[in-house]
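To be precise, the following lines are input14.cif, and they hold mmCIF, C-alpha atoms.
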```cif
data_target
loop_
_atom_site.label_atom_id
_atom_site.label_comp_id
_atom_site.auth_asym_id
_atom_site.auth_seq_id
_atom_site.Cartn_x
_atom_site.Cartn_y
_atom_site.Cartn_z
CA MET A 1 -14.14 -122.80 162.53
CA LEU A 2 -15.75 -121.69 165.85
CA VAL A 3 -14.63 -118.38 167.37
CA SER A 4 -15.70 -117.08 170.83
CA LEU A 5 -15.83 -113.28 171.24
CA THR A 6 -16.74 -111.00 174.15
CA VAL A 7 -19.23 -108.25 173.54
CA GLY A 8 -17.93 -104.84 174.46
CA LYS A 9 -19.85 -101.73 173.54
CA VAL A 10 -23.18 -102.19 171.77
CA ASP A 11 -24.55 -99.55 169.46
CA ALA A 12 -27.47 -99.53 167.11
CA GLY A 13 -25.26 -100.10 164.03
CA VAL A 14 -21.95 -101.50 165.20
CA THR A 15 -20.93 -103.67 168.13
CA VAL A 16 -17.37 -103.90 169.43
CA LEU A 17 -16.16 -107.48 170.03
CA LEU A 18 -13.02 -108.47 171.95
CA THR A 19 -10.85 -111.43 171.00
CA PRO A 20 -9.09 -113.61 173.62
CA ASP A 21 -5.85 -111.73 172.93
CA LYS A 22 -7.67 -108.41 173.59
CA ARG A 23 -8.11 -107.19 170.02
CA LEU A 24 -11.08 -105.16 168.98
CA ILE A 25 -13.38 -106.16 166.11
CA GLU A 26 -16.24 -104.04 164.84
CA PHE A 27 -19.15 -106.26 163.95
CA PRO A 28 -22.58 -105.35 162.55
CA SER A 29 -25.16 -105.35 165.34
CA ILE A 30 -27.85 -106.67 163.02
CA LEU A 31 -26.00 -110.01 162.72
CA LEU A 32 -25.86 -110.58 166.50
CA PRO A 33 -28.69 -111.97 168.67
CA PRO A 34 -31.07 -109.23 169.83
CA ASP A 35 -30.73 -110.00 173.60
CA ILE A 36 -26.99 -109.44 173.96
CA SER A 37 -25.42 -106.74 176.06
CA SER A 38 -21.99 -105.65 177.16
CA GLY A 39 -20.05 -108.63 178.62
CA SER A 40 -21.99 -111.28 176.68
CA ILE A 41 -19.99 -113.98 174.90
CA VAL A 42 -21.02 -115.05 171.43
CA ASP A 43 -19.77 -117.92 169.26
CA ILE A 44 -19.30 -117.24 165.54
CA ASN A 45 -18.77 -120.11 163.08
CA VAL A 46 -16.73 -119.04 160.06
CA ALA A 47 -16.64 -121.16 156.83
CA ARG A 48 -15.91 -120.63 153.08
CA ASN A 49 -18.75 -121.02 150.56
CA LYS A 50 -17.08 -122.25 147.38
CA THR A 51 -20.33 -122.81 145.53
CA SER A 52 -21.21 -119.16 145.75
CA GLU A 53 -17.70 -118.16 144.70
CA ALA A 54 -17.99 -120.17 141.51
CA GLN A 55 -21.29 -118.63 140.60
CA ALA A 56 -19.92 -115.10 141.11
CA GLU A 57 -16.88 -115.88 139.03
CA ARG A 58 -19.00 -117.04 136.13
CA ALA A 59 -21.13 -113.91 136.25
CA PHE A 60 -18.09 -111.61 136.24
CA ARG A 61 -16.48 -113.31 133.25
CA SER A 62 -19.66 -113.04 131.30
CA LEU A 63 -19.79 -109.31 131.88
CA GLN A 64 -16.20 -108.82 130.72
CA ASP A 65 -16.83 -110.78 127.55
CA SER A 66 -19.84 -108.67 126.67
CA ILE A 67 -17.82 -105.43 127.15
CA LEU A 68 -15.00 -106.71 124.98
CA SER A 69 -17.32 -107.79 122.21
CA SER A 70 -19.05 -104.43 122.21
CA PHE A 71 -16.13 -102.00 122.43
CA GLY A 72 -12.86 -103.87 122.03
CA ALA A 73 -13.34 -106.05 118.96
CA ASP A 74 -12.81 -103.23 116.35
CA THR A 75 -10.45 -100.22 116.28
CA PRO A 76 -10.39 -97.03 114.11
CA SER A 77 -8.73 -97.34 110.70
CA ALA A 78 -6.19 -95.00 109.16
CA PRO A 79 -7.55 -92.82 106.28
CA VAL A 80 -6.88 -93.93 102.71
CA LEU A 81 -5.86 -90.86 100.64
CA ARG A 82 -5.55 -90.58 96.84
CA CYS A 83 -5.37 -87.92 94.11
CA ARG A 84 -8.53 -87.41 92.09
CA ASN A 85 -7.37 -84.74 89.64
CA ALA A 86 -4.52 -82.29 89.11
CA THR A 87 -4.22 -79.15 86.98
CA GLN A 88 -1.59 -76.47 86.50
CA THR A 89 -2.38 -74.75 89.80
CA SER A 90 -4.71 -77.04 91.79
CA VAL A 91 -5.06 -80.58 93.14
CA VAL A 92 -8.23 -82.47 94.12
CA LEU A 93 -7.74 -85.10 96.84
CA GLU A 94 -10.24 -87.68 98.05
CA TRP A 95 -10.35 -90.44 100.70
CA ASP A 96 -12.56 -93.29 101.85
CA PRO A 97 -15.15 -92.72 104.59
CA ILE A 98 -13.54 -92.62 108.02
CA HIS A 99 -13.91 -95.78 110.14
CA LEU A 100 -13.96 -94.89 113.84
CA ALA A 101 -15.32 -98.19 115.33
CA THR A 102 -16.38 -97.40 118.88
CA ALA A 103 -14.08 -94.37 119.25
CA ASP A 104 -15.05 -90.72 119.07
CA LEU A 105 -13.66 -88.36 116.43
CA LEU A 106 -11.48 -85.47 117.53
CA SER A 107 -10.14 -83.99 114.25
CA LEU A 108 -9.01 -84.75 110.70
CA ALA A 109 -6.14 -82.61 109.41
CA LEU A 110 -4.45 -82.32 105.98
CA TYR A 111 -0.68 -81.93 105.76
CA ARG A 112 1.23 -80.58 102.76
CA ASN A 113 4.97 -81.23 102.49
CA GLY A 114 5.03 -82.12 106.19
CA GLN A 115 3.33 -78.90 107.30
CA LYS A 116 -0.24 -78.70 108.50
CA ALA A 117 -2.42 -77.08 105.83
CA GLY A 118 -5.62 -77.05 107.90
CA ASN A 119 -8.44 -79.13 109.36
CA ILE A 120 -11.09 -80.75 107.17
CA PRO A 121 -14.54 -79.33 107.98
CA LYS A 122 -17.25 -81.93 108.62
CA PRO A 123 -14.91 -84.95 108.14
CA LEU A 124 -17.74 -87.47 108.58
CA GLU A 125 -19.60 -85.94 105.61
CA MET A 126 -16.84 -84.64 103.32
CA HIS A 127 -14.61 -87.11 101.54
CA SER A 128 -12.70 -84.77 99.18
CA THR A 129 -11.01 -81.38 99.12
CA LYS A 130 -9.46 -79.04 96.56
CA ILE A 131 -6.14 -77.26 97.09
CA SER A 132 -5.65 -74.20 94.87
CA GLY A 133 -2.92 -71.64 94.38
CA LEU A 134 -0.15 -74.14 93.67
CA ALA A 135 2.87 -73.53 91.45
CA VAL A 136 2.99 -74.82 87.89
CA ASP A 137 4.95 -78.03 87.27
CA THR A 138 5.81 -78.51 90.98
CA GLU A 139 5.79 -81.65 93.13
CA TYR A 140 3.82 -81.79 96.41
CA THR A 141 3.31 -84.44 99.12
CA PHE A 142 0.02 -84.77 101.04
CA HIS A 143 -1.23 -86.96 103.90
CA LEU A 144 -4.08 -87.04 106.44
CA VAL A 145 -3.89 -87.38 110.22
CA LEU A 146 -6.95 -88.78 112.10
CA ARG A 147 -7.22 -88.12 115.82
CA THR A 148 -9.76 -90.11 117.94
CA THR A 149 -10.37 -91.10 121.53
CA ALA A 150 -8.82 -94.47 120.68
CA GLY A 151 -5.59 -92.95 119.32
CA THR A 152 -4.04 -91.12 116.34
CA PHE A 153 -3.89 -92.64 112.86
CA ALA A 154 -2.04 -91.24 109.80
CA SER A 155 -2.67 -92.03 106.15
CA GLN A 156 -0.10 -92.91 103.53
CA ARG A 157 1.75 -90.07 101.78
CA VAL A 158 0.55 -89.15 98.28
CA THR A 159 2.93 -87.36 95.89
CA VAL A 160 1.36 -85.19 93.19
CA ARG A 161 2.97 -83.03 90.52
CA THR A 162 1.08 -80.14 88.96
CA HIS A 163 0.82 -80.03 85.17
CA LYS A 164 2.75 -77.95 82.68
CA MET A 165 1.00 -75.23 80.68
CA THR A 166 0.98 -77.46 77.60
CA ASP A 167 -0.60 -80.40 79.46
CA LEU A 168 -4.40 -80.12 79.06
CA SER A 169 -5.27 -83.52 80.52
CA GLY A 170 -6.33 -81.97 83.82
CA ILE A 171 -9.12 -79.89 82.28
CA THR A 172 -12.53 -81.17 83.40
CA ILE A 173 -15.50 -79.59 81.61
CA THR A 174 -19.18 -79.59 82.45
CA LEU A 175 -21.46 -78.64 79.58
CA GLY A 176 -24.35 -76.23 79.95
CA ILE A 177 -26.96 -75.13 77.44
CA LEU A 178 -25.43 -75.43 73.96
CA PRO A 179 -26.79 -75.82 70.42
CA ALA A 180 -26.52 -79.33 69.06
CA VAL A 181 -23.96 -78.42 66.41
CA VAL A 182 -21.80 -76.52 68.89
CA LYS A 183 -22.03 -79.32 71.44
CA GLU A 184 -20.91 -81.91 68.91
CA GLY A 185 -17.93 -79.85 67.79
CA LEU A 186 -16.99 -79.05 71.38
CA THR A 187 -17.01 -82.72 72.35
CA ALA A 188 -14.65 -83.54 69.51
CA ALA A 189 -12.31 -80.67 70.44
CA VAL A 190 -12.18 -81.78 74.09
CA GLU A 191 -11.18 -85.28 73.04
CA ARG A 192 -8.45 -83.94 70.76
CA ILE A 193 -6.78 -81.87 73.48
CA GLY A 194 -6.91 -84.73 76.01
CA ALA A 195 -9.42 -83.15 78.41
CA LYS A 196 -12.59 -84.80 79.73
CA ILE A 197 -16.28 -84.01 80.04
CA VAL A 198 -18.27 -84.95 83.15
CA ASP A 199 -21.97 -84.91 83.91
CA GLY A 200 -22.92 -82.32 86.45
CA VAL A 201 -20.85 -79.82 88.36
CA ARG A 202 -18.41 -81.53 90.74
CA ILE A 203 -15.55 -80.49 92.95
CA ASP A 204 -13.06 -81.38 90.21
CA THR A 205 -14.88 -79.41 87.48
CA THR A 206 -12.46 -76.80 86.19
CA HIS A 207 -14.65 -75.03 83.58
CA PHE A 208 -18.34 -74.71 82.82
CA VAL A 209 -18.93 -74.19 79.07
CA THR A 210 -22.25 -72.74 77.91
CA THR A 211 -23.79 -70.13 75.64
CA GLU A 212 -26.66 -69.14 77.95
CA GLY A 213 -26.47 -68.06 81.57
CA ARG A 214 -29.32 -70.06 83.05
CA GLY A 215 -30.11 -73.46 84.50
CA ILE A 216 -29.45 -75.34 87.73
CA GLN A 217 -25.94 -76.41 86.72
CA TRP A 218 -25.06 -72.82 85.82
CA GLU A 219 -26.20 -71.63 89.25
CA LYS A 220 -24.19 -74.35 90.97
CA ALA A 221 -21.09 -73.43 88.99
CA ASN A 222 -21.43 -69.82 90.13
CA GLU A 223 -21.80 -70.94 93.74
CA LEU A 224 -18.58 -72.96 93.51
CA ASN A 225 -16.73 -70.11 91.71
CA ILE A 226 -16.13 -72.25 88.64
CA PRO A 227 -15.29 -70.20 85.51
CA VAL A 228 -18.24 -69.99 83.10
CA VAL A 229 -16.82 -69.63 79.58
CA ARG A 230 -17.95 -69.82 75.98
CA PRO A 231 -17.04 -72.67 73.61
CA GLU A 232 -14.45 -70.44 71.91
CA TRP A 233 -12.15 -70.99 74.90
CA VAL A 234 -11.69 -74.68 74.02
CA ASP A 235 -10.93 -73.78 70.40
CA ALA A 236 -8.39 -71.19 71.55
CA CYS A 237 -6.62 -73.72 73.79
CA GLU A 238 -6.50 -76.22 70.93
CA ARG A 239 -5.04 -73.68 68.53
CA GLY A 240 -2.54 -72.35 71.06
CA GLY A 241 -1.50 -75.81 72.23
CA ARG A 242 -1.66 -74.69 75.86
CA ILE A 243 -4.14 -73.58 78.48
CA LEU A 244 -5.22 -69.95 78.12
CA GLY A 245 -6.70 -67.47 80.54
CA VAL A 246 -10.47 -67.23 80.72
CA THR A 247 -10.79 -63.47 81.23
CA LYS A 248 -11.75 -62.70 77.63
CA PHE A 249 -13.86 -65.83 77.25
CA TYR A 250 -16.32 -65.26 80.07
CA LEU A 251 -19.95 -65.59 79.10
CA ASP A 252 -20.55 -61.86 79.64
CA ALA A 253 -17.22 -60.69 78.20
CA ALA A 254 -16.69 -59.11 74.78
CA ARG A 255 -16.26 -61.68 72.02
CA VAL A 256 -12.90 -62.09 70.31
CA GLY A 257 -12.18 -62.41 66.63
CA PRO A 258 -11.44 -65.74 64.95
CA GLY A 259 -7.87 -64.76 64.09
CA SER A 260 -6.82 -63.67 67.55
CA TYR A 261 -8.09 -64.82 70.92
CA GLU A 262 -6.25 -62.15 72.84
CA THR A 263 -7.82 -58.96 71.50
CA PRO A 264 -11.51 -58.02 71.16
CA ILE A 265 -13.07 -58.06 67.72
CA SER A 266 -12.88 -54.74 65.89
CA ALA A 267 -16.62 -54.62 65.31
CA THR A 268 -17.31 -54.42 69.02
CA ALA A 269 -14.55 -51.94 69.75
CA PRO A 270 -15.62 -48.26 69.72
CA SER A 271 -14.36 -46.21 66.82
CA PRO A 272 -11.54 -43.86 67.81
CA VAL A 273 -12.56 -40.25 68.20
CA PRO A 274 -10.53 -37.99 65.88
CA LYS A 275 -8.32 -35.67 67.78
CA GLN A 276 -9.32 -32.06 67.45
CA PRO A 277 -6.43 -29.79 66.44
CA GLU A 278 -5.54 -27.35 69.11
CA PRO A 279 -6.19 -23.72 68.20
CA GLN A 280 -2.97 -21.90 67.46
CA GLN A 281 -2.38 -18.66 69.24
CA LYS A 282 -1.96 -15.69 67.01
CA ASP A 283 1.41 -14.06 67.14
CA LEU A 284 1.21 -10.64 68.71
CA PRO A 285 2.85 -7.81 66.82
CA PRO A 286 6.23 -6.77 68.13
CA GLN A 287 5.92 -4.39 71.02
CA PRO A 288 7.21 -0.92 70.36
CA PRO A 289 10.28 0.01 72.36
CA ALA A 290 9.64 1.84 75.57
CA ALA A 291 11.81 4.73 74.48
CA GLU A 292 9.47 5.78 71.64
CA PRO A 293 6.78 7.39 73.83
CA ALA A 294 9.41 9.23 75.74
CA ALA A 295 11.00 10.38 72.49
CA ALA A 296 7.61 11.41 71.16
CA ALA A 297 6.95 13.39 74.32
CA ALA A 298 10.30 15.08 74.00
CA ALA A 299 9.85 15.90 70.26
CA PRO A 300 8.58 19.48 70.58
CA SER A 301 11.75 21.26 71.69
CA ALA A 302 11.52 24.76 73.12
CA PRO A 303 13.17 27.61 71.20
CA SER A 304 16.22 29.24 72.63
CA GLU A 305 16.11 32.33 74.80
CA ALA A 306 17.72 34.42 72.10
CA GLU A 307 15.01 33.59 69.63
CA ALA A 308 12.38 34.42 72.22
CA LYS A 309 13.96 37.83 72.83
CA GLU A 310 14.21 38.59 69.11
CA GLN A 311 10.69 37.60 68.34
CA GLY A 312 9.19 39.32 71.37
CA GLY A 313 5.61 38.76 72.21
CA ASP A 314 4.83 37.37 68.77
CA GLY A 315 7.50 34.73 69.23
CA VAL A 316 5.99 33.51 72.46
CA GLU A 317 2.51 33.34 70.98
CA SER A 318 3.66 31.53 67.83
CA SER A 319 5.72 29.04 69.81
CA SER A 320 2.68 28.28 71.90
CA SER A 321 0.56 27.64 68.81
CA ASP A 322 3.28 25.47 67.31
CA SER A 323 3.54 23.43 70.50
CA GLU A 324 -0.25 23.03 70.55
CA GLU A 325 -0.26 21.68 66.98
CA ASP A 326 2.61 19.31 67.80
CA GLN A 327 0.74 18.10 70.90
CA GLU A 328 -2.39 17.33 68.85
CA ALA A 329 -0.27 15.38 66.36
CA ASP A 330 1.28 13.40 69.22
CA ASP A 331 -2.20 12.64 70.63
CA ASP A 332 -3.30 11.28 67.26
CA GLU A 333 -0.24 9.05 67.10
CA ASP A 334 -0.90 7.80 70.66
CA GLU A 335 -4.49 6.88 69.79
CA GLU A 336 -3.33 4.92 66.76
CA LYS A 337 -0.78 3.06 68.85
CA ASN A 338 -3.33 2.33 71.56
CA SER A 339 -5.64 0.71 68.98
CA GLU A 340 -2.89 -1.76 68.05
CA PRO A 341 -2.78 -5.07 70.03
CA GLY A 342 -0.07 -5.35 72.60
CA TYR A 343 0.30 -1.63 73.04
CA LYS A 344 -1.94 -1.37 76.08
CA ALA A 345 0.34 -3.79 77.92
CA LEU A 346 3.06 -1.11 77.82
CA SER A 347 0.84 1.80 78.70
CA GLY A 348 1.42 1.33 82.44
CA GLU A 349 5.17 1.21 81.95
CA GLN A 350 5.18 4.26 79.65
CA ASP A 351 3.24 6.28 82.20
CA GLN A 352 5.92 5.59 84.75
CA LYS A 353 8.66 6.95 82.49
CA GLU A 354 10.04 10.21 83.71
CA LEU A 355 9.26 13.24 81.56
CA PRO A 356 12.23 14.98 79.98
CA SER A 357 13.67 17.70 82.15
CA HIS A 358 13.88 21.37 81.12
CA PRO A 359 16.46 22.11 78.47
CA LYS A 360 19.82 23.29 79.66
CA GLN A 361 20.09 27.07 79.93
CA PRO A 362 22.51 28.52 77.38
CA THR A 363 25.60 30.42 78.45
CA VAL A 364 26.51 33.91 77.39
CA GLU A 365 28.77 32.65 74.61
CA GLU A 366 26.09 30.31 73.34
CA GLU A 367 23.57 33.18 73.40
CA ASP A 368 25.83 35.24 71.11
CA ASP A 369 26.07 32.41 68.66
CA ASN A 370 22.38 31.85 68.82
CA ASP A 371 21.71 35.54 68.09
CA ASP A 372 23.48 35.20 64.77
CA ASP A 373 21.65 32.02 63.89
CA GLY A 374 18.40 33.30 65.29
CA SER A 375 18.29 36.22 62.91
CA ASN A 376 18.25 33.82 59.98
CA LYS A 377 15.84 31.43 61.59
CA GLY A 378 13.55 34.24 62.67
CA GLU A 379 12.87 35.28 59.12
CA ASP A 380 11.88 31.73 58.19
CA ARG A 381 9.62 31.42 61.21
CA LYS A 382 7.97 34.78 60.48
CA SER A 383 6.97 33.61 57.03
CA SER A 384 5.52 30.40 58.45
CA ARG A 385 3.67 32.32 61.15
CA SER A 386 2.19 34.71 58.63
CA SER A 387 0.74 31.81 56.66
CA SER A 388 -0.71 30.24 59.78
CA ASN A 389 -2.16 33.57 60.95
CA SER A 390 -3.88 34.03 57.62
CA THR A 391 -5.66 30.68 57.99
CA ASP A 392 -6.73 31.57 61.54
CA GLU A 393 -8.21 34.86 60.35
CA LYS A 394 -10.26 33.05 57.72
CA ASP A 395 -11.81 30.77 60.36
CA GLY A 396 -12.97 33.84 62.27
CA GLY A 397 -11.81 36.49 64.65
CA LYS A 398 -13.34 34.89 67.67
CA ASP A 399 -10.09 33.41 68.94
CA ALA A 400 -7.98 36.36 67.90
CA GLY A 401 -8.18 38.01 71.29
CA LYS A 402 -7.66 34.79 73.21
CA LYS A 403 -4.23 33.86 74.45
CA SER A 404 -2.62 30.54 73.60
CA PRO A 405 -2.16 27.87 76.29
CA GLY A 406 1.46 28.91 76.49
CA ASP A 407 0.74 32.50 77.63
CA GLY A 408 1.93 33.30 81.08
CA ALA A 409 4.66 30.64 80.97
CA SER A 410 7.22 32.15 78.65
CA PHE A 411 10.72 30.83 78.40
CA GLN A 412 12.11 34.27 79.46
CA ASP A 413 10.73 33.85 82.93
CA VAL A 414 12.24 30.41 83.19
CA ALA A 415 15.63 31.43 81.83
CA LEU A 416 15.98 34.50 84.07
#
```
So, in terms of structure tokens, how does the structure I just supplied come out?
Amino acid sequence: MLVSLTVGKVDAGVTVLLTPDKRLIEFPSILLPPDISSGSIVDINVARNKTSEAQAERAFRSLQDSILSSFGADTPSAPVLRCRNATQTSVVLEWDPIHLATADLLSLALYRNGQKAGNIPKPLEMHSTKISGLAVDTEYTFHLVLRTTAGTFASQRVTVRTHKMTDLSGITITLGILPAVVKEGLTAAVERIGAKIVDGVRIDTTHFVTTEGRGIQWEKANELNIPVVRPEWVDACERGGRILGVTKFYLDAARVGPGSYETPISATAPSPVPKQPEPQQKDLPPQPPAAEPAAAAAAPSAPSEAEAKEQGGDGVESSSSDSEEDQEADDDEDEEKNSEPGYKALSGEQDQKELPSHPKQPTVEEEDDNDDDGSNKGEDRKSSRSSSNSTDEKDGGKDAGKKSPGDGASFQDVAL
């Protein structure tokens, strides 16, 4: 088809062409003859090239087929989950390697009873996991969820029930360094209780049995926090008919006796230290009553005024000597009491006791009665004074001229 167009504005890159009905068309300047200018008329022949279209179509289809064969032929697969082992409180799950095809991995999560338990670390390398802390004889449901750039894929649900305490089939033992005789007997005991022995420490190994704490397998068991026990633990489980705790069967724990696997052997237990009897406190003697010192202080009573008058100066001197002798006797008694235990505790209280007051002064009638009695008593006192004066004269006449401590403080002065 031939089309005539009028050249309008000419630029270096684009030329404006006008159609007969006055429409504007922008046309590349490079496709027009080089000698045109504004107002020139050019003829353009337009035709379809079907041969070129067919070649382009074939090239495009080939490209689409190569893309489909590279990225669209395979899709990611859902994980395949299964139970590897179960015990009283743990479950070991495993799955096949993840098939992602041409997609990219986003995450791999484990669900327990419909709730997300956590993401699996390094899902392209790890193909198993262990769930601990479960309840005894309880049913659980697990499944995996794979998320990729090509979509989300979930595994089938796996139902697992933990074992009872009397079910020992879940025990998986790895043997360490053992004597030949012990190893043979241990193998037979494991078969009898329904447990199994595996080579090497694995994720499903529940116990590592050995008699020596050395070796590569022993180190690996410690890294994985697998209990390292002695062979006696298997014998104890067989005798008890149930799984027992491993606290007293650790390799470095105290050994237990053959009759009881719950208490340490008596030979290893320290002998009890005999209890020393507590010293008994000696009973203190009964404390003397507080009234005795006061009574002792009040013992030497002063003679009456009538007796003092009748006796005169001799009476005052003799009464002073008598009171001095009585005072010395009281001092001796006080020293003996102070030497006794428990007496000093009362000394402070006795000192605070008030001394007896002066005797009551007699009345005139009482003085008359005392004069009659004093005459009789005076004779007795004179005889006693004469005997005492004779002993003083024998000791010497040095103190004869001295006055007694009572001189100058006669009862007459006090009474009058």
| query | Can you tell me how far atom CA of Thr206 of chain A sits from atom CA of Thr172 of chain A, in Å to one decimal? | reply | 5.2 Å
| task | Name the residues captured by the PyMOL selection byres ((chain A and resi 141-151) around 9) when it is applied to the shown file; answer as number ranges by chain. | result | A: 75-81, 93, 98, 100, 102-114, 139-140, 152-161
| field | Spatial neighbours of segment 238-245 of chain A, 12 Å, only C-alpha atoms, chain gap at least 2 places, as a PyMOL selection string | value | chain A and resi 87-89+136+163-171+186+188-195+206-207+227+229+231-236+247-250+258-262
| message | My list of candidates is A:Lys9, A:Lys183, A:Lys22, A:Arg61. Which is closest to Ser40 of chain A when distances are computed with only C-alpha atoms? | response |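 Result for the nearest residue to Ser40 of chain A: A:Lys9.
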| message | Give me the residues near Ser4 of chain A as an NGL selection string, where near means some atom within 10 Å (using only C-alpha atoms) and where sequence neighbours in that chain fewer than 6 positions away do not count. | response | :A and (17-20 or 41-45)
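The space between atom CA of Gly176 of chain A and atom CA of Glu94 of chain A spans 25.6 Å.
Rounded to one decimal, atom CA of Leu224 of chain A and atom CA of Gly118 of chain A lie 19.8 Å from each other.
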